[in-house]
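Reproduced below: work.pdb, with PDB, C-alpha atoms and all ligand atoms.
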```pdb
MODEL        1
ATOM      1  CA  MET D   1     128.890 102.372  90.877
ATOM      2  CA  SER D   2     127.731 105.907  90.084
ATOM      3  CA  SER D   3     127.839 108.528  92.795
ATOM      4  CA  GLN D   4     124.030 108.720  92.719
ATOM      5  CA  GLN D   5     123.921 104.983  93.412
ATOM      6  CA  ASP D   6     126.265 105.489  96.350
ATOM      7  CA  GLU D   7     123.981 108.204  97.558
ATOM      8  CA  PHE D   8     120.659 106.354  97.523
ATOM      9  CA  SER D   9     121.792 102.818  98.207
ATOM     10  CA  GLY D  10     120.294 101.722 101.513
ATOM     11  CA  ARG D  11     118.265 104.913 101.816
ATOM     12  CA  THR D  12     114.557 104.626 102.533
ATOM     13  CA  VAL D  13     112.201 106.330 100.118
ATOM     14  CA  VAL D  14     108.393 106.570 100.283
ATOM     15  CA  VAL D  15     106.467 107.275  97.092
ATOM     16  CA  THR D  16     102.697 107.792  97.222
ATOM     17  CA  GLY D  17     100.398 107.315  94.258
ATOM     18  CA  ALA D  18     102.830 104.754  92.950
ATOM     19  CA  SER D  19     100.658 102.044  91.410
ATOM     20  CA  GLY D  20     101.101 103.586  87.950
ATOM     21  CA  GLY D  21     101.787 106.879  86.212
ATOM     22  CA  ILE D  22     104.378 109.327  87.494
ATOM     23  CA  GLY D  23     104.653 107.818  91.006
ATOM     24  CA  SER D  24     105.581 104.353  89.767
ATOM     25  CA  VAL D  25     108.312 105.712  87.493
ATOM     26  CA  ILE D  26     109.732 107.781  90.348
ATOM     27  CA  ALA D  27     109.730 104.676  92.562
ATOM     28  CA  GLN D  28     111.456 102.692  89.812
ATOM     29  CA  ALA D  29     114.112 105.388  89.416
ATOM     30  CA  PHE D  30     114.988 105.169  93.120
ATOM     31  CA  ARG D  31     114.961 101.365  92.978
ATOM     32  CA  GLU D  32     117.445 101.454  90.108
ATOM     33  CA  LEU D  33     119.739 103.332  92.485
ATOM     34  CA  THR D  34     119.163 100.459  94.969
ATOM     35  CA  ALA D  35     117.169 102.500  97.455
ATOM     36  CA  ASP D  36     114.734 100.723  99.766
ATOM     37  CA  VAL D  37     111.431 101.984  98.347
ATOM     38  CA  LEU D  38     107.911 101.757  99.795
ATOM     39  CA  LEU D  39     105.125 102.338  97.266
ATOM     40  CA  ILE D  40     101.737 103.441  98.595
ATOM     41  CA  ASP D  41      98.499 103.620  96.688
ATOM     42  CA  ALA D  42      94.774 103.118  97.188
ATOM     43  CA  ASP D  43      94.820 100.945  94.078
ATOM     44  CA  PRO D  44      95.718  97.336  94.970
ATOM     45  CA  ARG D  45      97.635  97.043  91.691
ATOM     46  CA  VAL D  46     100.427  98.765  93.599
ATOM     47  CA  GLN D  47     101.434  95.309  94.833
ATOM     48  CA  GLU D  48     102.231  94.069  91.342
ATOM     49  CA  THR D  49     104.005  97.320  90.452
ATOM     50  CA  ALA D  50     106.159  97.046  93.566
ATOM     51  CA  GLU D  51     106.923  93.364  93.129
ATOM     52  CA  CYS D  52     108.129  93.988  89.571
ATOM     53  CA  MET D  53     110.775  96.363  90.884
ATOM     54  CA  GLY D  54     111.605  94.485  94.100
ATOM     55  CA  ALA D  55     110.132  97.175  96.308
ATOM     56  CA  ARG D  56     107.806  97.159  99.312
ATOM     57  CA  TRP D  57     104.191  98.244  99.047
ATOM     58  CA  MET D  58     101.240  99.340 101.103
ATOM     59  CA  VAL D  59      97.626  99.570  99.962
ATOM     60  CA  GLY D  60      95.907 102.453 101.691
ATOM     61  CA  ASP D  61      93.517 105.310 101.106
ATOM     62  CA  LEU D  62      95.449 108.412 102.053
ATOM     63  CA  ARG D  63      92.194 110.188 102.886
ATOM     64  CA  GLN D  64      92.220 108.196 106.122
ATOM     65  CA  PRO D  65      94.266 110.199 108.657
ATOM     66  CA  GLU D  66      95.845 107.101 110.250
ATOM     67  CA  VAL D  67      97.202 105.872 106.910
ATOM     68  CA  ALA D  68      99.827 108.630 106.755
ATOM     69  CA  ARG D  69     101.294 107.701 110.140
ATOM     70  CA  GLU D  70     101.160 103.997 109.295
ATOM     71  CA  ALA D  71     102.933 104.605 105.979
ATOM     72  CA  ILE D  72     105.796 106.515 107.584
ATOM     73  CA  ASN D  73     106.151 103.921 110.383
ATOM     74  CA  THR D  74     106.095 101.041 107.900
ATOM     75  CA  ALA D  75     108.726 102.704 105.724
ATOM     76  CA  ALA D  76     111.098 103.236 108.614
ATOM     77  CA  GLU D  77     110.494  99.951 110.436
ATOM     78  CA  GLU D  78     113.174  97.890 108.661
ATOM     79  CA  SER D  79     115.996 100.383 108.274
ATOM     80  CA  GLY D  80     114.997 102.648 111.147
ATOM     81  CA  ARG D  81     115.265 105.648 108.849
ATOM     82  CA  LEU D  82     113.353 107.699 106.326
ATOM     83  CA  ASP D  83     115.331 109.700 103.789
ATOM     84  CA  VAL D  84     112.915 110.843 101.098
ATOM     85  CA  LEU D  85     109.151 111.349 100.882
ATOM     86  CA  VAL D  86     107.681 111.855  97.415
ATOM     87  CA  ASN D  87     104.015 112.828  97.339
ATOM     88  CA  ALA D  88     102.700 111.876  93.910
ATOM     89  CA  ALA D  89      99.202 110.654  94.823
ATOM     90  CA  GLY D  90      96.605 112.980  93.397
ATOM     91  CA  VAL D  91      93.278 113.176  91.627
ATOM     92  CA  GLN D  92      92.015 115.424  88.899
ATOM     93  CA  LEU D  93      88.446 116.381  88.067
ATOM     94  CA  ARG D  94      87.413 117.743  84.672
ATOM     95  CA  LYS D  95      84.448 120.012  85.172
ATOM     96  CA  ASP D  96      83.615 123.679  85.234
ATOM     97  CA  ALA D  97      84.302 124.908  88.764
ATOM     98  CA  ILE D  98      80.745 126.086  89.199
ATOM     99  CA  ASP D  99      79.402 122.555  88.614
ATOM    100  CA  VAL D 100      81.610 120.796  91.160
ATOM    101  CA  ASP D 101      79.520 119.370  93.982
ATOM    102  CA  GLU D 102      80.335 119.227  97.688
ATOM    103  CA  ASP D 103      81.663 115.647  97.658
ATOM    104  CA  GLU D 104      83.828 116.227  94.596
ATOM    105  CA  TRP D 105      85.308 119.382  96.096
ATOM    106  CA  GLN D 106      86.027 117.620  99.389
ATOM    107  CA  ARG D 107      87.666 114.677  97.620
ATOM    108  CA  LEU D 108      90.047 116.987  95.745
ATOM    109  CA  LEU D 109      91.003 118.751  98.960
ATOM    110  CA  ASP D 110      91.356 115.536 100.965
ATOM    111  CA  ILE D 111      93.650 113.772  98.504
ATOM    112  CA  ASN D 112      95.604 116.603  96.897
ATOM    113  CA  LEU D 113      96.151 118.691 100.012
ATOM    114  CA  SER D 114      95.154 117.233 103.403
ATOM    115  CA  ALA D 115      96.723 113.828 102.788
ATOM    116  CA  VAL D 116     100.001 115.416 101.710
ATOM    117  CA  TYR D 117      99.979 117.687 104.750
ATOM    118  CA  ARG D 118      99.526 114.694 107.078
ATOM    119  CA  LEU D 119     102.329 112.767 105.401
ATOM    120  CA  MET D 120     104.687 115.714 105.667
ATOM    121  CA  ARG D 121     103.766 116.188 109.329
ATOM    122  CA  ALA D 122     104.360 112.516 110.096
ATOM    123  CA  ALA D 123     107.633 112.432 108.149
ATOM    124  CA  ALA D 124     109.188 115.621 109.519
ATOM    125  CA  ASP D 125     110.731 114.043 112.594
ATOM    126  CA  PRO D 126     112.329 110.974 110.959
ATOM    127  CA  LEU D 127     113.522 113.117 108.037
ATOM    128  CA  SER D 128     115.153 115.584 110.407
ATOM    129  CA  ARG D 129     117.261 112.782 111.902
ATOM    130  CA  VAL D 130     118.966 112.136 108.545
ATOM    131  CA  GLN D 131     118.686 115.565 106.855
ATOM    132  CA  GLY D 132     116.191 114.096 104.420
ATOM    133  CA  SER D 133     113.888 115.746 101.941
ATOM    134  CA  ILE D 134     110.338 115.976 100.664
ATOM    135  CA  ILE D 135     109.301 116.398  97.046
ATOM    136  CA  ASN D 136     105.677 117.219  96.284
ATOM    137  CA  ILE D 137     104.190 116.801  92.833
ATOM    138  CA  THR D 138     102.123 119.917  92.223
ATOM    139  CA  SER D 139     101.050 121.063  88.750
ATOM    140  CA  MET D 140     101.309 123.760  86.136
ATOM    141  CA  ALA D 141      97.609 124.255  86.967
ATOM    142  CA  ALA D 142      98.675 125.751  90.311
ATOM    143  CA  GLU D 143      99.796 128.878  88.521
ATOM    144  CA  ARG D 144      97.977 128.930  85.199
ATOM    145  CA  VAL D 145      94.215 128.869  84.870
ATOM    146  CA  LEU D 146      93.609 125.755  82.816
ATOM    147  CA  PRO D 147      90.053 125.208  81.584
ATOM    148  CA  ARG D 148      87.875 122.701  83.446
ATOM    149  CA  ILE D 149      90.409 121.873  86.162
ATOM    150  CA  VAL D 150      90.173 125.030  88.256
ATOM    151  CA  PRO D 151      89.376 123.387  91.644
ATOM    152  CA  TYR D 152      92.193 120.883  91.003
ATOM    153  CA  GLY D 153      94.515 123.820  90.266
ATOM    154  CA  ALA D 154      93.434 125.501  93.494
ATOM    155  CA  THR D 155      94.388 122.428  95.555
ATOM    156  CA  LYS D 156      97.775 122.335  93.827
ATOM    157  CA  ALA D 157      98.304 126.064  94.427
ATOM    158  CA  ALA D 158      97.664 125.458  98.116
ATOM    159  CA  LEU D 159     100.133 122.582  98.022
ATOM    160  CA  VAL D 160     102.770 124.870  96.502
ATOM    161  CA  GLN D 161     102.368 127.307  99.373
ATOM    162  CA  LEU D 162     102.390 124.488 101.938
ATOM    163  CA  SER D 163     105.629 123.176 100.432
ATOM    164  CA  ARG D 164     107.248 126.598 100.539
ATOM    165  CA  GLY D 165     106.076 127.188 104.096
ATOM    166  CA  LEU D 166     107.368 123.865 105.349
ATOM    167  CA  ALA D 167     110.663 124.517 103.574
ATOM    168  CA  VAL D 168     111.036 127.541 105.853
ATOM    169  CA  GLU D 169     109.814 125.739 108.986
ATOM    170  CA  LEU D 170     111.885 122.592 108.507
ATOM    171  CA  GLY D 171     115.011 124.182 107.023
ATOM    172  CA  PRO D 172     116.672 124.711 110.416
ATOM    173  CA  GLN D 173     116.292 120.970 111.059
ATOM    174  CA  GLY D 174     118.066 120.179 107.803
ATOM    175  CA  VAL D 175     114.941 118.998 105.965
ATOM    176  CA  ARG D 176     114.520 120.335 102.425
ATOM    177  CA  VAL D 177     111.063 120.619 100.871
ATOM    178  CA  ASN D 178     110.681 121.128  97.128
ATOM    179  CA  ALA D 179     107.984 120.743  94.510
ATOM    180  CA  VAL D 180     107.876 119.681  90.891
ATOM    181  CA  ALA D 181     105.171 121.208  88.700
ATOM    182  CA  PRO D 182     104.510 118.955  85.704
ATOM    183  CA  GLY D 183     102.814 120.216  82.578
ATOM    184  CA  TYR D 184     101.160 117.806  80.136
ATOM    185  CA  ILE D 185     102.502 114.351  80.964
ATOM    186  CA  THR D 186     101.025 111.216  79.403
ATOM    187  CA  THR D 187      99.780 108.965  82.233
ATOM    188  CA  PRO D 188      96.591 107.061  83.125
ATOM    189  CA  MET D 189      95.256 110.350  84.555
ATOM    190  CA  THR D 190      95.596 112.286  81.308
ATOM    191  CA  GLN D 191      95.961 109.901  78.388
ATOM    192  CA  ASP D 192      92.296 109.791  77.316
ATOM    193  CA  ASN D 193      91.996 113.557  77.317
ATOM    194  CA  LEU D 194      95.339 114.117  75.591
ATOM    195  CA  ALA D 195      94.380 111.591  72.893
ATOM    196  CA  LYS D 196      91.611 113.910  71.658
ATOM    197  CA  PRO D 197      92.809 115.898  68.636
ATOM    198  CA  GLU D 198      90.796 118.941  69.741
ATOM    199  CA  VAL D 199      92.681 118.920  73.069
ATOM    200  CA  LEU D 200      96.136 117.963  71.814
ATOM    201  CA  GLY D 201      96.182 120.297  68.807
ATOM    202  CA  PRO D 202      95.979 123.606  70.704
ATOM    203  CA  ILE D 203      98.433 122.329  73.346
ATOM    204  CA  MET D 204     101.040 121.458  70.742
ATOM    205  CA  THR D 205     100.851 124.863  69.084
ATOM    206  CA  ARG D 206     101.943 126.453  72.364
ATOM    207  CA  LEU D 207     104.424 123.876  73.626
ATOM    208  CA  PRO D 208     107.999 125.143  73.083
ATOM    209  CA  LEU D 209     109.591 121.679  73.295
ATOM    210  CA  GLN D 210     106.937 120.308  70.886
ATOM    211  CA  ARG D 211     106.157 117.067  72.682
ATOM    212  CA  LEU D 212     104.160 115.842  75.636
ATOM    213  CA  GLY D 213     106.101 114.960  78.762
ATOM    214  CA  THR D 214     106.779 111.481  80.087
ATOM    215  CA  PRO D 215     106.799 110.282  83.697
ATOM    216  CA  ALA D 216     110.562 109.774  83.290
ATOM    217  CA  ASP D 217     110.969 113.498  82.553
ATOM    218  CA  VAL D 218     109.438 114.178  85.977
ATOM    219  CA  ALA D 219     111.302 111.387  87.789
ATOM    220  CA  GLU D 220     114.726 112.723  86.714
ATOM    221  CA  VAL D 221     113.988 116.073  88.324
ATOM    222  CA  VAL D 222     112.683 114.420  91.485
ATOM    223  CA  LEU D 223     115.916 112.427  91.747
ATOM    224  CA  PHE D 224     117.938 115.601  91.363
ATOM    225  CA  LEU D 225     115.945 117.392  94.066
ATOM    226  CA  ALA D 226     116.363 114.438  96.441
ATOM    227  CA  SER D 227     120.088 114.222  95.759
ATOM    228  CA  ASP D 228     123.036 115.921  97.376
ATOM    229  CA  ALA D 229     123.462 117.931  94.166
ATOM    230  CA  ALA D 230     120.411 119.909  95.327
ATOM    231  CA  ARG D 231     121.673 120.296  98.902
ATOM    232  CA  TYR D 232     121.210 124.093  98.846
ATOM    233  CA  VAL D 233     117.809 123.987  97.134
ATOM    234  CA  THR D 234     114.692 124.248  99.244
ATOM    235  CA  GLY D 235     111.285 125.805  98.711
ATOM    236  CA  ALA D 236     111.727 125.555  94.940
ATOM    237  CA  VAL D 237     108.923 124.755  92.516
ATOM    238  CA  VAL D 238     110.523 123.298  89.407
ATOM    239  CA  PRO D 239     108.400 123.318  86.253
ATOM    240  CA  VAL D 240     108.676 120.177  84.127
ATOM    241  CA  ASP D 241     106.398 121.298  81.349
ATOM    242  CA  GLY D 242     108.408 121.666  78.156
ATOM    243  CA  GLY D 243     108.090 125.430  78.555
ATOM    244  CA  TYR D 244     104.287 125.449  78.256
ATOM    245  CA  SER D 245     103.790 127.696  81.275
ATOM    246  CA  LEU D 246     105.822 130.425  79.543
ATOM    247  CA  THR D 247     103.496 130.747  76.576
TER     248      THR D 247
HETATM  249  N1  LIG S   1      99.840 113.586  84.277
HETATM  250  C1  LIG S   1      99.952 114.914  84.241
HETATM  251  O1  LIG S   1      99.921 115.526  83.164
HETATM  252  C2  LIG S   1     100.120 115.690  85.514
HETATM  253  C3  LIG S   1     100.340 117.061  85.402
HETATM  254  C4  LIG S   1     100.516 117.803  86.561
HETATM  255  C5  LIG S   1     100.501 117.188  87.787
HETATM  256  N2  LIG S   1     100.282 115.849  87.869
HETATM  257  C6  LIG S   1     100.275 115.254  89.209
HETATM  258  O2  LIG S   1     101.183 114.187  89.243
HETATM  259  C7  LIG S   1     100.760 113.228  90.220
HETATM  260  C8  LIG S   1     100.700 111.847  89.575
HETATM  261  O3  LIG S   1      99.702 111.880  88.577
HETATM  262  P1  LIG S   1      99.621 110.843  87.366
HETATM  263  O4  LIG S   1      99.454 111.626  86.156
HETATM  264  O5  LIG S   1     100.712 109.849  87.481
HETATM  265  O6  LIG S   1      98.193 110.213  87.678
HETATM  266  P2  LIG S   1      97.749 108.734  88.059
HETATM  267  O7  LIG S   1      96.270 108.811  88.163
HETATM  268  O8  LIG S   1      98.370 107.758  87.139
HETATM  269  O9  LIG S   1      98.409 108.534  89.489
HETATM  270  C9  LIG S   1      97.847 109.033  90.679
HETATM  271  C10 LIG S   1      97.836 107.896  91.685
HETATM  272  O10 LIG S   1      97.321 108.381  92.922
HETATM  273  C11 LIG S   1      96.564 107.339  93.494
HETATM  274  N3  LIG S   1      95.608 107.856  94.450
HETATM  275  C12 LIG S   1      94.521 108.622  94.180
HETATM  276  N4  LIG S   1      93.826 108.820  95.302
HETATM  277  C13 LIG S   1      94.468 108.175  96.304
HETATM  278  C14 LIG S   1      94.210 108.018  97.671
HETATM  279  N5  LIG S   1      93.139 108.547  98.262
HETATM  280  N6  LIG S   1      95.074 107.290  98.409
HETATM  281  C15 LIG S   1      96.155 106.724  97.828
HETATM  282  N7  LIG S   1      96.437 106.828  96.515
HETATM  283  C16 LIG S   1      95.606 107.562  95.772
HETATM  284  C17 LIG S   1      95.862 106.693  92.307
HETATM  285  O11 LIG S   1      95.388 105.388  92.602
HETATM  286  C18 LIG S   1      96.939 106.726  91.259
HETATM  287  O12 LIG S   1      97.701 105.528  91.217
HETATM  288  C19 LIG S   1      99.393 113.718  90.717
HETATM  289  O13 LIG S   1      99.552 114.393  91.937
HETATM  290  C20 LIG S   1      98.949 114.670  89.631
HETATM  291  O14 LIG S   1      98.071 115.641  90.116
HETATM  292  C21 LIG S   1     100.094 115.087  86.767
ENDMDL
END
```
Could you rewrite the structure in this file as structure tokens?
Ligand SMILES: NC(=O)c1ccc[n+]([C@@H]2O[C@H](COP(=O)([O-])OP(=O)(O)OC[C@H]3O[C@@H](n4cnc5c(N)ncnc54)[C@H](O)[C@@H]3O)[C@@H](O)[C@H]2O)c1
Amino acid sequence: MSSQQDEFSGRTVVVTGASGGIGSVIAQAFRELTADVLLIDADPRVQETAECMGARWMVGDLRQPEVAREAINTAAEESGRLDVLVNAAGVQLRKDAIDVDEDEWQRLLDINLSAVYRLMRAAADPLSRVQGSIINITSMAAERVLPRIVPYGATKAALVQLSRGLAVELGPQGVRVNAVAPGYITTPMTQDNLAKPEVLGPIMTRLPLQRLGTPADVAEVVLFLASDAARYVTGAVVPVDGGYSLT
């Protein structure tokens, strides 16, 4: 048994946005280390995803304030503990900022920021009992202005600052809070756009590692941040972008 398996075996991990894409691969990575994983998603296909990996699931729209509390309680109800919260649920909107309407703006804020805040608030106490950690999936768009996803980038920038702030607030209780900022990762959220030659071509000319990212590239970094190897790391925002944000 690897030391990472020793570390996560019997630990309780919550992953949001886990029906597909990056969240499901993160959940799978923890399951492979025999953690007790609860997958949460608004998409009912989360059930099938979870069953395939022998994990628990919950269907819920994280825009509803009570869903965050329910998710944390459900996660901890069997083992009595919560060790890791990974916030991967998110939505993107491709539009010029000036054309985004009130409902679209509110939806971005509700899912990408408010829902994550509520989950972190609900998880803080159980995490503090076991010196657990939170990993938020932000985005390269939090720092770089990427065309047609400016309001999305603004929600992710706010999430970066929330993560850093909670790292400071929760540090004395032994809870670490970190973020991962993916670049161009092929998932259901991005695959149609990245399949367009006029989109992919310019990206590839600037991408130092010369390939798009995979959900597994992100999951490996999440595992590291959740592990004891990162015990002195908090408030970090780790880019997983093949170097794109440098160019
Ligand atoms: N794919 C990329 O290139 C990329 C880049 C940077 C950041 N990200 C971020 O990574 C995370 C995962 O994205 P992905 O690419 O896997 O996309 P995805 O669309 O495959 O996954 C997002 C998941 O969130 C779920 N979700 C959306 N709204 C929800 C709600 N209200 N309640 C519960 N679940 C909800 C969706 O059903 C979906 O399963 C997101 O936060 C995204 O912003 C992705």
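Interatomic distance, CA of Gly243 in chain D to atom C3 of ligand LIG 1 (chain S): 13.3 Å.
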Rank D:Trp57, D:Tyr152, D:Tyr244, D:Trp105 by their smallest atom-to-atom distance to ligand LIG 1 (chain S), using all atoms listed in the file, and report the top residue only.
D:Tyr152
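If all atoms listed in the file are the atoms counted, then among D:Gln161, D:Ser245, D:Thr49, D:Thr74 the closest residue to Gly21 in chain D is D:Thr49.
Using only C-alpha atoms, the nearest neighbour of Leu166 in chain D within the list D:Ile149, D:Thr205, D:Gly90, D:Arg121 is D:Arg121.
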Please find the residues contacting ligand LIG 1 (chain S) at a distance of at most 7 Å between atoms, with only C-alpha atoms and all ligand atoms counted, and report them as a ChimeraX atom specification.
/D:16-23,40-43,60-63,88-92,111-112,137-140,181-190
I need the residues from that last selection saved to file as a CSV table (one decimal), keeping the file's coordinate frame (with C-alpha atoms), if you can.
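Wrote it out as part09.csv, contents follow:
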```csv
chain,number,residue,atom,x,y,z
D,16,THR,CA,102.7,107.8,97.2
D,17,GLY,CA,100.4,107.3,94.3
D,18,ALA,CA,102.8,104.8,93.0
D,19,SER,CA,100.7,102.0,91.4
D,20,GLY,CA,101.1,103.6,88.0
D,21,GLY,CA,101.8,106.9,86.2
D,22,ILE,CA,104.4,109.3,87.5
D,23,GLY,CA,104.7,107.8,91.0
D,40,ILE,CA,101.7,103.4,98.6
D,41,ASP,CA,98.5,103.6,96.7
D,42,ALA,CA,94.8,103.1,97.2
D,43,ASP,CA,94.8,100.9,94.1
D,60,GLY,CA,95.9,102.5,101.7
D,61,ASP,CA,93.5,105.3,101.1
D,62,LEU,CA,95.4,108.4,102.1
D,63,ARG,CA,92.2,110.2,102.9
D,88,ALA,CA,102.7,111.9,93.9
D,89,ALA,CA,99.2,110.7,94.8
D,90,GLY,CA,96.6,113.0,93.4
D,91,VAL,CA,93.3,113.2,91.6
D,92,GLN,CA,92.0,115.4,88.9
D,111,ILE,CA,93.6,113.8,98.5
D,112,ASN,CA,95.6,116.6,96.9
D,137,ILE,CA,104.2,116.8,92.8
D,138,THR,CA,102.1,119.9,92.2
D,139,SER,CA,101.0,121.1,88.8
D,140,MET,CA,101.3,123.8,86.1
D,181,ALA,CA,105.2,121.2,88.7
D,182,PRO,CA,104.5,119.0,85.7
D,183,GLY,CA,102.8,120.2,82.6
D,184,TYR,CA,101.2,117.8,80.1
D,185,ILE,CA,102.5,114.4,81.0
D,186,THR,CA,101.0,111.2,79.4
D,187,THR,CA,99.8,109.0,82.2
D,188,PRO,CA,96.6,107.1,83.1
D,189,MET,CA,95.3,110.4,84.6
D,190,THR,CA,95.6,112.3,81.3
```
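Residue nearest Ala157 in chain D, chosen from D:Glu32, D:Asp110, D:Glu169, D:Glu143 and counting only C-alpha atoms: D:Glu143.
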Mind telling me what the PyMOL selection byres (((chain D and resi 6) around 12) and not hetatm) catches here, as a list in words?
Met1, Ser2, Ser3, Gln4, Gln5, Glu7, Phe8, Ser9, Gly10, Arg11, Phe30, Glu32, Leu33, Thr34, Ala35, Ser227 and Asp228 of chain D
Rounded to one decimal place, report the CA of Asp96 in chain D-CA of Pro151 in chain D distance in Å.
8.6 Å
Name the residues that the PyMOL selection byres (((chain D and resi 126) around 12) and not hetatm) pulls out of this structure, and write them as a PyMOL selection string.
chain D and resi 12-13+69+72-73+75-77+79-85+119-125+127-134+170+173-175
What separates CA of Val221 in chain D and CA of Arg144 in chain D is a distance of 20.8 Å
Identify all residues satisfying the PyMOL selection byres (((chain D and resi 232) around 12) and not hetatm) in the given file; provide them as a list in words.
Gln131, Ser133, Ala167, Gly171, Gly174, Val175, Arg176, Val177, Asn178, Phe224, Leu225, Ala226, Ser227, Asp228, Ala229, Ala230, Arg231, Val233, Thr234, Gly235 and Ala236 of chain D
